[in-house]
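J.: Shown below is the structure under consideration.
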Amino acid sequence: MKFCLVSASPNEGLDEREKNKSMAAFPPLSLLYLATVLKEHGEDVSVLDQPGQGLSVDETVEWVLKEDPDVLGFSALSTSGMTAGLISHNIKEKNPDITTIIGNHYATFNAERILNRYSDVDIVVRGEGEKTILQLAHCLKNKKPLRDVNGINYRNNKTAVATHDQPLIKKIDSLPFPDRKLINVDYHCMMAGANVAPKKFTSIVSSRGCVYSCRFCSCKEIARNHWRARSAQNTLEELALLASQGYKQLIFVDDSFTLNPKRTIEICKGMVRERMDFQWICEGRVDNCSLEMFRVMVKAGLKILYFGIENANQRLLDYFNKTITPQQAETAVKTARKAGVDVIVGSFIVGAPDETREEIQNTINFAKRLPIDLPQFNILGAHPGNDIWNEMEAKGFLDVESNWETGVAVSKICPTAVPCGEIKRMIHKAFFDHVRRPSFLLKQIGKTLTSSYRKNVAASNLTRISDIIKGTNAVT
Ligand code: B12
Ligand code: SF4
């Protein structure tokens, strides 16, 4: 059977190709895993990264028709689902025999809505896809009923039906390494408008899921609150393969890369032992921050550590169910600094229901006080799959029909939140006040002079950096 897998672009207009390209910061690991599993089972597969390759809807349709698959599968997050719906429609007009499938977060949390809105989408896959795509391939090939496939929604005689959830893969070490050669795109990693990975770059995932339940996050739903880690050995084998393929810079896109410090340390020690020489980025929780772990991570090439600090007000941290304190954030940042992490990014979320202007300002001031290199201020969003979405719906603030594909800022719909426009102005100003402080700039220049990683990033982003300082680059 022939499969075409497409990572759909978040912007269906697609005129601004450069903008689309930069959205596709990382390779679509989802599709690369699925394609590799299918290939291992003897299927014929090709993969297209629409935003990565900067293709319009028409160009994508043309590519699919030329490939002439039996099955066309899309990976979609929020707005890219709309593009997938449009492409499915244009494809079916020309070749109605192709079976169209959509997966990923957008699909998982909107399965019925997708089948209702897009008559040209045949099957929606919920959650983890490797087992499901193989079951689907088997059923479609042998003309067996789709009800035998777990984790899908489809139409049976025009009625939408859902099958049982697909059980999670127990041992993710059993999965093959995603074959990155299936896509030929030079990926990059954008942060504050600058490419922080100008060398040969890719992403990797060493664990799936998360045991926490933050109200603004939908990861817990996909992995059903389980954390499944690959062994250090298995992760190191993939890293060795990436090194042999010439990759120099990486991002771990795990939800919880540091959840088990022993495993994290083992991976890092392996990277040092094998002299892999990667420069890499990962996320960390502020309640998991031993100096020993950070030191080994730095030794193994950690360059950018991204902390979910979220807010300076305990009341809001509790509302977010983040189970951390501002004091923990302070300790974590100082410990990472002491361990020699080159760039520390603090991510903050503001714009919750009942959050006052003073509380928002308190978070902005907290960000300034912390010894971080870059603040990232985000506006709280309601997406299908997160608890905030359910809360806004239950309170009657949400127009589900207009917002399920895009998500919506809480501050746009909740009468007790500070209005969205005002928050945008506050965080825009906060960002530039933060990065234009002479003391901050001097420190950053000093650090850049002593870090070969920073020097390389700075040299590759001279125009962007001057745009940021002048305020002509949208970064928050
Ligand atoms: C890397 C990443 C990105 C990259 C995506 C690059 C790419 N080409 O794929 C970039 C930076 C572009 C990105 C953008 C955004 N992201 Co993002 N991203 C992630 C991240 C960190 C990792 C994704 C990943 O690779 N996981 C590893 C793979 C193996 O797992 P997977 O993607 O879930 O794929 C599995 C299943 O979903 C399923 N599946 C997926 N696709 C398909 C397709 C088919 C046909 C089938 C059968 C199955 C299937 O099978 C896969 C294998 O098991 C996740 C967090 C996370 N841990 O998942 C957030 C995450 C997915 N992103 C999120 C968000 C909110 C966004 C943005 C909206 C952010 C923004 N404000 O702009 C945009 C959306 C862009 C858009 N409109 O399309 C949310 C999703 C929320 C939601 N309910 O939709 C997440 C969960 C982060 C979070 N904690 O909230 N993101
Ligand atoms: S925000 Fe991070 S810690 Fe919280 S549930 Fe999501 S992945 Fe887990």
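In the structure tokens, the first chain shown is A, the next is B, and so on; residue numbers restart at 1 for each chain, and ligands run from 1 in the order shown.
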Report as a PDB file with N, CA and C atoms, in the first residue's frame which protein, DNA and RNA residues come within 9 Å of ligand 2, using only C-alpha atoms and all ligand atoms.

T.:
ATOM      1  N   GLY A 209       5.036  11.802  27.199  1.00  0.00           N
ATOM      2  CA  GLY A 209       4.048  12.048  28.238  1.00  0.00           C
ATOM      3  C   GLY A 209       4.593  12.787  29.431  1.00  0.00           C
ATOM      4  N   CYS A 210       3.714  12.917  30.436  1.00  0.00           N
ATOM      5  CA  CYS A 210       4.018  13.739  31.584  1.00  0.00           C
ATOM      6  C   CYS A 210       3.108  13.300  32.725  1.00  0.00           C
ATOM      7  N   VAL A 211       3.602  13.393  33.952  1.00  0.00           N
ATOM      8  CA  VAL A 211       2.764  12.950  35.077  1.00  0.00           C
ATOM      9  C   VAL A 211       2.028  14.125  35.722  1.00  0.00           C
ATOM     10  N   TYR A 212       2.288  15.343  35.267  1.00  0.00           N
ATOM     11  CA  TYR A 212       1.638  16.503  35.869  1.00  0.00           C
ATOM     12  C   TYR A 212       0.345  16.832  35.114  1.00  0.00           C
ATOM     13  N   SER A 213      -0.395  17.794  35.653  1.00  0.00           N
ATOM     14  CA  SER A 213      -1.705  18.107  35.063  1.00  0.00           C
ATOM     15  C   SER A 213      -1.937  19.607  34.988  1.00  0.00           C
ATOM     16  N   CYS A 214      -1.024  20.322  34.349  1.00  0.00           N
ATOM     17  CA  CYS A 214      -1.179  21.780  34.271  1.00  0.00           C
ATOM     18  C   CYS A 214      -2.449  22.106  33.480  1.00  0.00           C
ATOM     19  N   ARG A 215      -3.170  23.107  33.962  1.00  0.00           N
ATOM     20  CA  ARG A 215      -4.489  23.405  33.367  1.00  0.00           C
ATOM     21  C   ARG A 215      -4.411  23.887  31.918  1.00  0.00           C
ATOM     22  N   PHE A 216      -3.253  24.446  31.534  1.00  0.00           N
ATOM     23  CA  PHE A 216      -3.156  25.041  30.195  1.00  0.00           C
ATOM     24  C   PHE A 216      -2.585  24.064  29.174  1.00  0.00           C
ATOM     25  N   CYS A 217      -2.303  22.832  29.569  1.00  0.00           N
ATOM     26  CA  CYS A 217      -1.550  21.915  28.706  1.00  0.00           C
ATOM     27  C   CYS A 217      -2.391  20.688  28.361  1.00  0.00           C
ATOM     28  N   SER A 218      -2.229  20.210  27.134  1.00  0.00           N
ATOM     29  CA  SER A 218      -3.033  19.047  26.738  1.00  0.00           C
ATOM     30  C   SER A 218      -2.203  17.773  26.622  1.00  0.00           C
ATOM     31  N   CYS A 219      -0.904  17.869  26.957  1.00  0.00           N
ATOM     32  CA  CYS A 219      -0.039  16.680  26.824  1.00  0.00           C
ATOM     33  C   CYS A 219      -0.523  15.537  27.689  1.00  0.00           C
ATOM     34  N   LYS A 220      -0.992  15.896  28.877  1.00  0.00           N
ATOM     35  CA  LYS A 220      -1.400  14.856  29.823  1.00  0.00           C
ATOM     36  C   LYS A 220      -2.513  13.982  29.232  1.00  0.00           C
ATOM     37  N   GLU A 221      -3.353  14.586  28.405  1.00  0.00           N
ATOM     38  CA  GLU A 221      -4.476  13.840  27.826  1.00  0.00           C
ATOM     39  C   GLU A 221      -3.982  12.827  26.801  1.00  0.00           C
ATOM     40  N   ASN A 225      -1.529  10.853  31.292  1.00  0.00           N
ATOM     41  CA  ASN A 225      -0.800  11.077  32.544  1.00  0.00           C
ATOM     42  C   ASN A 225       0.284  10.043  32.854  1.00  0.00           C
ATOM     43  N   ASP A 254      10.870  16.425  24.516  1.00  0.00           N
ATOM     44  CA  ASP A 254      10.159  15.707  25.586  1.00  0.00           C
ATOM     45  C   ASP A 254       9.326  16.683  26.417  1.00  0.00           C
ATOM     46  N   ASP A 255       8.201  16.179  26.918  1.00  0.00           N
ATOM     47  CA  ASP A 255       7.446  16.973  27.890  1.00  0.00           C
ATOM     48  C   ASP A 255       8.219  17.034  29.199  1.00  0.00           C
ATOM     49  N   SER A 256       8.925  15.961  29.547  1.00  0.00           N
ATOM     50  CA  SER A 256       9.587  15.875  30.852  1.00  0.00           C
ATOM     51  C   SER A 256      10.956  15.216  30.697  1.00  0.00           C
ATOM     52  N   GLU A 283      13.735  21.419  27.845  1.00  0.00           N
ATOM     53  CA  GLU A 283      12.915  22.076  28.861  1.00  0.00           C
ATOM     54  C   GLU A 283      13.205  21.466  30.211  1.00  0.00           C
ATOM     55  N   GLY A 284      12.973  22.235  31.273  1.00  0.00           N
ATOM     56  CA  GLY A 284      13.143  21.672  32.605  1.00  0.00           C
ATOM     57  C   GLY A 284      12.068  22.203  33.531  1.00  0.00           C
ATOM     58  N   ARG A 285      11.691  21.392  34.520  1.00  0.00           N
ATOM     59  CA  ARG A 285      10.761  21.882  35.541  1.00  0.00           C
ATOM     60  C   ARG A 285      11.582  22.465  36.684  1.00  0.00           C
ATOM     61  N   GLY A 308       9.658  26.382  32.561  1.00  0.00           N
ATOM     62  CA  GLY A 308       8.260  26.825  32.669  1.00  0.00           C
ATOM     63  C   GLY A 308       8.044  27.428  34.041  1.00  0.00           C
ATOM     64  N   PHE A 320      -3.178  27.345  37.961  1.00  0.00           N
ATOM     65  CA  PHE A 320      -2.670  26.591  36.794  1.00  0.00           C
ATOM     66  C   PHE A 320      -2.398  25.121  37.138  1.00  0.00           C
ATOM     67  N   ASN A 321      -2.455  24.801  38.438  1.00  0.00           N
ATOM     68  CA  ASN A 321      -2.128  23.446  38.905  1.00  0.00           C
ATOM     69  C   ASN A 321      -0.693  23.060  38.520  1.00  0.00           C
ATOM     70  N   LYS A 322       0.187  24.033  38.619  1.00  0.00           N
ATOM     71  CA  LYS A 322       1.569  23.823  38.178  1.00  0.00           C
ATOM     72  C   LYS A 322       2.394  23.110  39.248  1.00  0.00           C
ATOM     73  N   THR A 323       1.910  23.118  40.490  1.00  0.00           N
ATOM     74  CA  THR A 323       2.588  22.492  41.646  1.00  0.00           C
ATOM     75  C   THR A 323       4.055  22.933  41.800  1.00  0.00           C
TER      76      THR A 323
END

J.: Please provide as an MDAnalysis selection string all residues within 10 Å of Met82 in chain A, with the sequence filter that same-chain residues fewer than 6 positions apart are discarded (counting only C-alpha atoms).

T.: chainID A and resid 8:12 76 88 106 114 117:118 405:406

J.: Would you output that residue set with N, CA, C and O atoms, as a PDB file, in the first residue's frame?

T.:
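Written output follows (part-v1.pdb):
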ATOM      1  N   ALA A   8       0.800  19.429   7.759  1.00  0.00           N
ATOM      2  CA  ALA A   8       0.069  20.539   7.119  1.00  0.00           C
ATOM      3  C   ALA A   8       0.526  21.874   7.689  1.00  0.00           C
ATOM      4  O   ALA A   8       0.900  21.987   8.852  1.00  0.00           O
ATOM      5  N   SER A   9       0.464  22.888   6.842  1.00  0.00           N
ATOM      6  CA  SER A   9       0.928  24.210   7.250  1.00  0.00           C
ATOM      7  C   SER A   9      -0.093  24.886   8.159  1.00  0.00           C
ATOM      8  O   SER A   9      -1.294  24.750   7.970  1.00  0.00           O
ATOM      9  N   PRO A  10       0.398  25.650   9.147  1.00  0.00           N
ATOM     10  CA  PRO A  10      -0.539  26.337  10.039  1.00  0.00           C
ATOM     11  C   PRO A  10      -1.283  27.483   9.380  1.00  0.00           C
ATOM     12  O   PRO A  10      -2.239  28.001   9.936  1.00  0.00           O
ATOM     13  N   ASN A  11      -0.831  27.886   8.201  1.00  0.00           N
ATOM     14  CA  ASN A  11      -1.462  29.050   7.578  1.00  0.00           C
ATOM     15  C   ASN A  11      -1.966  28.658   6.199  1.00  0.00           C
ATOM     16  O   ASN A  11      -1.194  28.512   5.265  1.00  0.00           O
ATOM     17  N   GLU A  12      -3.291  28.519   6.060  1.00  0.00           N
ATOM     18  CA  GLU A  12      -3.795  28.019   4.787  1.00  0.00           C
ATOM     19  C   GLU A  12      -3.685  29.045   3.658  1.00  0.00           C
ATOM     20  O   GLU A  12      -3.788  28.716   2.492  1.00  0.00           O
ATOM     21  N   ALA A  76      -1.703  17.349  12.279  1.00  0.00           N
ATOM     22  CA  ALA A  76      -2.223  18.707  12.412  1.00  0.00           C
ATOM     23  C   ALA A  76      -2.318  19.152  13.860  1.00  0.00           C
ATOM     24  O   ALA A  76      -2.791  18.426  14.730  1.00  0.00           O
ATOM     25  N   SER A  88      -7.534  17.955   1.716  1.00  0.00           N
ATOM     26  CA  SER A  88      -8.334  16.728   1.514  1.00  0.00           C
ATOM     27  C   SER A  88      -9.425  16.986   0.488  1.00  0.00           C
ATOM     28  O   SER A  88      -9.682  16.170  -0.403  1.00  0.00           O
ATOM     29  N   TYR A 106      -4.803  18.157  17.369  1.00  0.00           N
ATOM     30  CA  TYR A 106      -6.006  18.727  16.760  1.00  0.00           C
ATOM     31  C   TYR A 106      -7.043  17.626  16.534  1.00  0.00           C
ATOM     32  O   TYR A 106      -8.234  17.794  16.814  1.00  0.00           O
ATOM     33  N   ILE A 114     -14.344  17.293  13.478  1.00  0.00           N
ATOM     34  CA  ILE A 114     -13.649  17.237  12.179  1.00  0.00           C
ATOM     35  C   ILE A 114     -14.509  16.467  11.169  1.00  0.00           C
ATOM     36  O   ILE A 114     -14.720  16.916  10.039  1.00  0.00           O
ATOM     37  N   ARG A 117     -17.352  18.701  10.071  1.00  0.00           N
ATOM     38  CA  ARG A 117     -17.039  19.878   9.236  1.00  0.00           C
ATOM     39  C   ARG A 117     -16.410  19.497   7.897  1.00  0.00           C
ATOM     40  O   ARG A 117     -16.631  20.167   6.891  1.00  0.00           O
ATOM     41  N   TYR A 118     -15.598  18.447   7.886  1.00  0.00           N
ATOM     42  CA  TYR A 118     -14.844  18.121   6.666  1.00  0.00           C
ATOM     43  C   TYR A 118     -15.295  16.782   6.093  1.00  0.00           C
ATOM     44  O   TYR A 118     -14.798  15.720   6.498  1.00  0.00           O
ATOM     45  N   GLU A 405     -10.960  25.209  16.192  1.00  0.00           N
ATOM     46  CA  GLU A 405      -9.794  24.928  15.331  1.00  0.00           C
ATOM     47  C   GLU A 405      -8.597  25.813  15.646  1.00  0.00           C
ATOM     48  O   GLU A 405      -7.471  25.478  15.310  1.00  0.00           O
ATOM     49  N   THR A 406      -8.854  26.944  16.244  1.00  0.00           N
ATOM     50  CA  THR A 406      -7.772  27.903  16.448  1.00  0.00           C
ATOM     51  C   THR A 406      -7.354  28.017  17.913  1.00  0.00           C
ATOM     52  O   THR A 406      -6.246  28.448  18.211  1.00  0.00           O
TER      53      THR A 406
END

J.: Could you list, as a PyMOL selection string, all residues that come within 7 Å of ligand 1? Count only C-alpha atoms and all ligand atoms.

T.: chain A and resi 5+7+9-10+23-31+33-34+73-80+101-106+125+127-130+132-133+205+208-209+216-219+253-255+383-386

J.: For those residues, write C-alpha atoms to a file as a PDB file, in the first residue's frame.

T.:
ATOM      1  CA  LEU A   5       2.124  11.615   5.070  1.00  0.00           C
ATOM      2  CA  SER A   7       2.652  17.854   7.919  1.00  0.00           C
ATOM      3  CA  SER A   9       0.928  24.210   7.250  1.00  0.00           C
ATOM      4  CA  PRO A  10      -0.539  26.337  10.039  1.00  0.00           C
ATOM      5  CA  MET A  23       6.815  27.946  11.670  1.00  0.00           C
ATOM      6  CA  ALA A  24       8.250  24.588  10.689  1.00  0.00           C
ATOM      7  CA  ALA A  25      11.070  24.940  13.119  1.00  0.00           C
ATOM      8  CA  PHE A  26      11.460  21.243  13.766  1.00  0.00           C
ATOM      9  CA  PRO A  27      10.959  18.118  11.702  1.00  0.00           C
ATOM     10  CA  PRO A  28       7.547  16.467  12.174  1.00  0.00           C
ATOM     11  CA  LEU A  29       8.766  13.608  14.375  1.00  0.00           C
ATOM     12  CA  SER A  30       5.188  12.328  14.537  1.00  0.00           C
ATOM     13  CA  LEU A  31       5.115  11.518  10.811  1.00  0.00           C
ATOM     14  CA  TYR A  33       7.891   7.740  13.455  1.00  0.00           C
ATOM     15  CA  LEU A  34       4.759   6.614  11.595  1.00  0.00           C
ATOM     16  CA  GLY A  73      -2.355  11.074   6.325  1.00  0.00           C
ATOM     17  CA  PHE A  74      -2.016  14.534   7.858  1.00  0.00           C
ATOM     18  CA  SER A  75      -0.449  15.639  11.093  1.00  0.00           C
ATOM     19  CA  ALA A  76      -2.223  18.707  12.412  1.00  0.00           C
ATOM     20  CA  LEU A  77      -1.984  21.054  15.391  1.00  0.00           C
ATOM     21  CA  SER A  78      -4.713  23.685  15.702  1.00  0.00           C
ATOM     22  CA  THR A  79      -4.891  25.816  12.531  1.00  0.00           C
ATOM     23  CA  SER A  80      -2.974  23.317  10.401  1.00  0.00           C
ATOM     24  CA  ILE A 101      -6.669  10.529   7.668  1.00  0.00           C
ATOM     25  CA  ILE A 102      -5.859  13.231  10.226  1.00  0.00           C
ATOM     26  CA  GLY A 103      -3.923  12.705  13.468  1.00  0.00           C
ATOM     27  CA  ASN A 104      -2.173  14.633  16.292  1.00  0.00           C
ATOM     28  CA  HIS A 105      -3.549  16.915  19.038  1.00  0.00           C
ATOM     29  CA  TYR A 106      -6.006  18.727  16.760  1.00  0.00           C
ATOM     30  CA  VAL A 125      -6.832   9.103  14.638  1.00  0.00           C
ATOM     31  CA  GLY A 127      -3.616   9.804  20.425  1.00  0.00           C
ATOM     32  CA  GLU A 128      -0.459   7.837  19.773  1.00  0.00           C
ATOM     33  CA  GLY A 129      -0.347   6.662  16.178  1.00  0.00           C
ATOM     34  CA  GLU A 130       2.129   3.823  15.578  1.00  0.00           C
ATOM     35  CA  THR A 132      -3.201   2.562  14.950  1.00  0.00           C
ATOM     36  CA  ILE A 133      -1.619   3.255  11.559  1.00  0.00           C
ATOM     37  CA  VAL A 205      12.244  12.749  21.808  1.00  0.00           C
ATOM     38  CA  ARG A 208       6.634  10.474  25.983  1.00  0.00           C
ATOM     39  CA  GLY A 209       4.048  12.048  28.238  1.00  0.00           C
ATOM     40  CA  PHE A 216      -3.156  25.041  30.195  1.00  0.00           C
ATOM     41  CA  CYS A 217      -1.550  21.915  28.706  1.00  0.00           C
ATOM     42  CA  SER A 218      -3.033  19.047  26.738  1.00  0.00           C
ATOM     43  CA  CYS A 219      -0.039  16.680  26.824  1.00  0.00           C
ATOM     44  CA  VAL A 253      11.058  17.921  22.621  1.00  0.00           C
ATOM     45  CA  ASP A 254      10.159  15.707  25.586  1.00  0.00           C
ATOM     46  CA  ASP A 255       7.446  16.973  27.890  1.00  0.00           C
ATOM     47  CA  HIS A 383      -7.459  24.866  23.412  1.00  0.00           C
ATOM     48  CA  PRO A 384      -9.546  21.749  23.040  1.00  0.00           C
ATOM     49  CA  GLY A 385      -7.754  19.251  25.277  1.00  0.00           C
ATOM     50  CA  ASN A 386      -6.767  21.620  28.089  1.00  0.00           C
TER      51      ASN A 386
END

J.: Measure the distance from CA of Phe3 in chain A to CA of Val45 in chain A in Å and round it to one decimal.

T.: 4.7 Å

J.: To one decimal in Å, tell me the separation between CA of Met426 in chain A and CA of Val408 in chain A.

T.: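 Going from CA of Met426 in chain A over to CA of Val408 in chain A, I get 18.7 Å.
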
J.: What is the distance, in Å and to one decimal place, between CA of Lys39 in chain A and CA of Pro51 in chain A?

T.: 23.6 Å

J.: Considering only C-alpha atoms, state which residue in the set A:Leu241, A:Ala382, A:Val196, A:Leu115 is at the smallest distance from Asn456 in chain A.

T.: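 Closest to Asn456 in chain A, using only C-alpha atoms: A:Val196.
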
J.: Smallest atom-to-atom distance to Leu38 in chain A: which of A:Met392, A:Leu136, A:Ala417, A:Ala332, using only C-alpha atoms?

T.: A:Leu136

J.: Running DSSP on the backbone, which parts of range 246-457 of chain A land in helix (DSSP H, G or I), as a VMD selection string?

T.: chain A and resid 261 to 273 291 to 299 314 to 319 326 to 339 357 to 369 387 to 394 400 to 403 410 to 413 420 to 436 438 to 450 452 to 457

J.: Quick one: residues within 10 Å of Tyr306 in chain A, only C-alpha atoms counted, chain neighbours fewer than 4 positions away excluded, as a list of chain:residue names?

T.: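 Returned residues: A:Ile281, A:Cys282, A:Glu283, A:Gly284, A:Arg285, A:Val286, A:Val333, A:Val343, A:Ile344, A:Val345, A:Gly346, A:Ser347, A:Ile372, A:Leu374, A:Pro375, A:Gln376.
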
J.: Go through A:Gly301, A:Pro371, A:Pro69, A:Gly151 one by one, measure the shortest atom-to-atom distance of each to Phe109 in chain A using only C-alpha atoms, and give the residue with the smallest value.

T.: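 For Phe109 in chain A, the nearest of the candidates is A:Gly151.
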
J.: Skipping near chain neighbours, those fewer than 6 positions away, what residues fall within 12 Å of Lys158 in chain A using only C-alpha atoms, listed as a list of chain:residue names?

T.: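 Result of the neighbour search: A:Leu115, A:Asn116, A:Ser119, A:Asp122.
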
J.: Measuring atom to atom with only C-alpha atoms, identify which of A:Thr448, A:Asn390, A:Asn157, A:Ser206 is nearest to Asn234 in chain A.

T.: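 The closest residue to Asn234 in chain A is A:Ser206.
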
J.: Report as a ChimeraX atom specification all protein, DNA and RNA residues lying within 7 Å of Gln314 in chain A, evaluated on only C-alpha atoms, omitting residues in the same chain fewer than 3 positions from it.

T.: /A:317-318,325-326
